[in-house]
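Since the structure comes first, as structure tokens, the remarks are kept for the end.
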Amino acid sequence: MAGRLRAVPCAEARNNDAYYLEWPGELVRRLPAALARVRQGLASQIDQVRFAQFLLFRQAERLKEYARSRGLHLIGDLPFFVSPRFERCVGQPRAVPADEQHRPRFVAGVPPDYFSTTGQLWGNPVYDWDAMSNTCYRWCIDRLRALLAHVDTVRLDHFRGFAAAWHAPAGALTAQSGQWVPGPGGEFFEAVRREVGGLPFVAEDLGLITPDVSALRDQYRLPGTRVLQFGFDGHSDNPHLPDNYISNTVVYTGTHDNPPTREWYKELPASQRHFLWRYLKRPEGRSTDAAPALIELAWSSAAALAIVPLQDVLNLGAEARMNVPGRTDGNWRWRCSEDMLTPTAFQWLYDLTKTSNRASFESNTLAERQGERP
């Protein structure tokens with residue numbers, strides 16, 4: 001499997017970066033003789049990719065060792081879906097519902113939500129969970145183990161997909177024509193716990209969260225996710241408002257999908273601005289005051305873990321936005337240069353961490369609870 005995975009980028013390059021279903025038919029059907037010829041012809045390029053991966057894995061192992069020597073734990077992110085170019089689709093198309101030409105019949109997305117009135121059409125092939133179950137979720141567990149070799153805790157992106165995911169017909173123009181399809185539920189987490197020995201997860205439970213999603217999260221005592229930028233709509237029962245947090249929670253000022261808090265504040269309706277400052281019991285401030293205020297609020301909350309994007313630590317604006325959900329171009333281009341990392345910003349964060357009693361993250365906290373069994 002690893003050899004085939006490493007060969008995929010080389011095969012793409014040979015076929016002018018074409019989608020793999022547009023490769024020669026003998027490769028799409030994975031005929032052994034055709035694969036052997038390609039591997040032989042691309043041997044040098046495949047070895048280059050393998051060597052690059054070897055260096056990456058070795059550096060990641062050293063980073064984890066260094067972090068542990070400093071008393072730090074690393075959190076990694078596991079996307080729920082994979083790219084159609086990924087080995088799971090290229091090498092084992094039976095894992096996704098596909099037609100006779102191996103083209104996915106359904107693709108992933110979400111219905112209309114906070115970010116888009118037409119929903120988000122991601123285009124990732126969806127999983128055949130019955131086929132996954134027949135192998136005791138072996139591929140999923142191998143994928144988790146590969147990530148856990150480099151991190152201590154895994155953020156499960158799109159957690160609600162384990163309860164149900166939005167499936168849209170392939171070729172649909174928007175996600176509005178989709179429907180909810182059940183996911184693997186508790187059977188998946190039981191399999192992971194048997195194989196891995198615990199559930200070292202953080203659940204990204206954002207979006208349209210129905211009672212079955214919350215029940216699955218709580219059944220396995222997984223920490224949920226709260227985002228302060230979502231909390232100030234004026235409703236006292238808003239789950240993102242710190243008054244409603246429990247300890248088993250991870251709070252963010254904003255995520256990679258949100259604008260930096262400075263820009264978020266500029267776009268905020270006046271009524272929500274007023275509510276924000278009333279909640280903070282402060283005079284109304286400026287856009288440059290918003291990020292420090294939300295960081296302080298996150299650090300003082302009941303959430304066991306508080307996370308802030310670097311853009312908010314540095315109090316940057318729209319120029320530093322990472323990602324716009326539903327937009328396919330222009331994302332993930334922001335880069336932090338060394339000169340941006342001013343000592344003043346980090347001294348302020350250090351002092352806040354000490355005064356908020358978050359400097360020591362040891363007993364009876366999120367890291368400890370992740371090893372408990374429900």
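In the structure tokens, chains take the letters A, B, ... in the order shown, each chain's residues start at 1, and ligands count up from 1 in the order shown.
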Enumerate the residues of segment 86-318 of chain A with a DSSP assignment of helix (DSSP H, G or I), computed from the backbone, and present them as JSON, numbers by chain.
-> {"A": [87, 88, 89, 90, 91, 93, 94, 95, 129, 130, 131, 132, 133, 134, 138, 139, 140, 141, 142, 143, 144, 145, 146, 147, 148, 159, 160, 161, 162, 175, 176, 177, 186, 187, 188, 189, 190, 191, 192, 193, 194, 195, 196, 211, 212, 213, 214, 215, 216, 217, 218, 219, 228, 229, 230, 242, 243, 244, 261, 262, 263, 264, 265, 266, 267, 270, 271, 272, 273, 274, 275, 276, 277, 278, 279, 280, 287, 288, 289, 290, 291, 292, 293, 294, 295, 296, 297, 298, 299, 300, 310, 311, 312, 313, 318]}
Near-Leu147 of chain A list (12 Å; only C-alpha atoms; drop same-chain fewer than 5 positions) as a PyMOL selection string | chain A and resi 57+60-61+64+74-79+140-142+152-156+200-201
Within 9 Å of Ser301 of chain A, counting only C-alpha atoms, which residues qualify if same-chain residues fewer than 4 places away don't, as a tab-separated table (two decimals) with N, CA and C atoms, in the first residue's frame?
chain	number	residue	atom	x	y	z
A	242	PRO	N	-19.15	31.46	26.52
A	242	PRO	CA	-18.44	30.78	27.61
A	242	PRO	C	-19.29	30.42	28.81
A	243	ASP	N	-20.37	31.14	29.07
A	243	ASP	CA	-21.24	30.79	30.19
A	243	ASP	C	-21.77	29.36	30.06
A	245	TYR	N	-20.09	26.68	28.68
A	245	TYR	CA	-19.06	25.66	28.50
A	245	TYR	C	-19.03	24.69	29.67
A	247	SER	N	-16.09	21.74	31.24
A	247	SER	CA	-14.64	21.63	31.23
A	247	SER	C	-14.14	20.82	30.04
A	251	VAL	N	-11.74	25.46	23.35
A	251	VAL	CA	-12.26	26.74	22.87
A	251	VAL	C	-11.23	27.40	21.97
A	296	GLU	N	-8.25	36.67	25.93
A	296	GLU	CA	-8.43	36.71	27.38
A	296	GLU	C	-9.67	35.95	27.80
A	297	LEU	N	-10.74	36.08	27.02
A	297	LEU	CA	-11.98	35.38	27.34
A	297	LEU	C	-11.80	33.87	27.22
A	306	ALA	N	-7.54	25.83	25.56
A	306	ALA	CA	-7.82	27.04	24.80
A	306	ALA	C	-6.77	27.18	23.69
Which polymer residues have any atom within 8 Å of an atom of Gln311 of chain A, counting only C-alpha atoms, with same-chain residues fewer than 2 positions away left out, as a list in words?
->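 What passes the distance filter is Pro260, Pro309, Val313, Leu314, Asn315, Leu316, Gly317, Ala320 and Arg321 of chain A.
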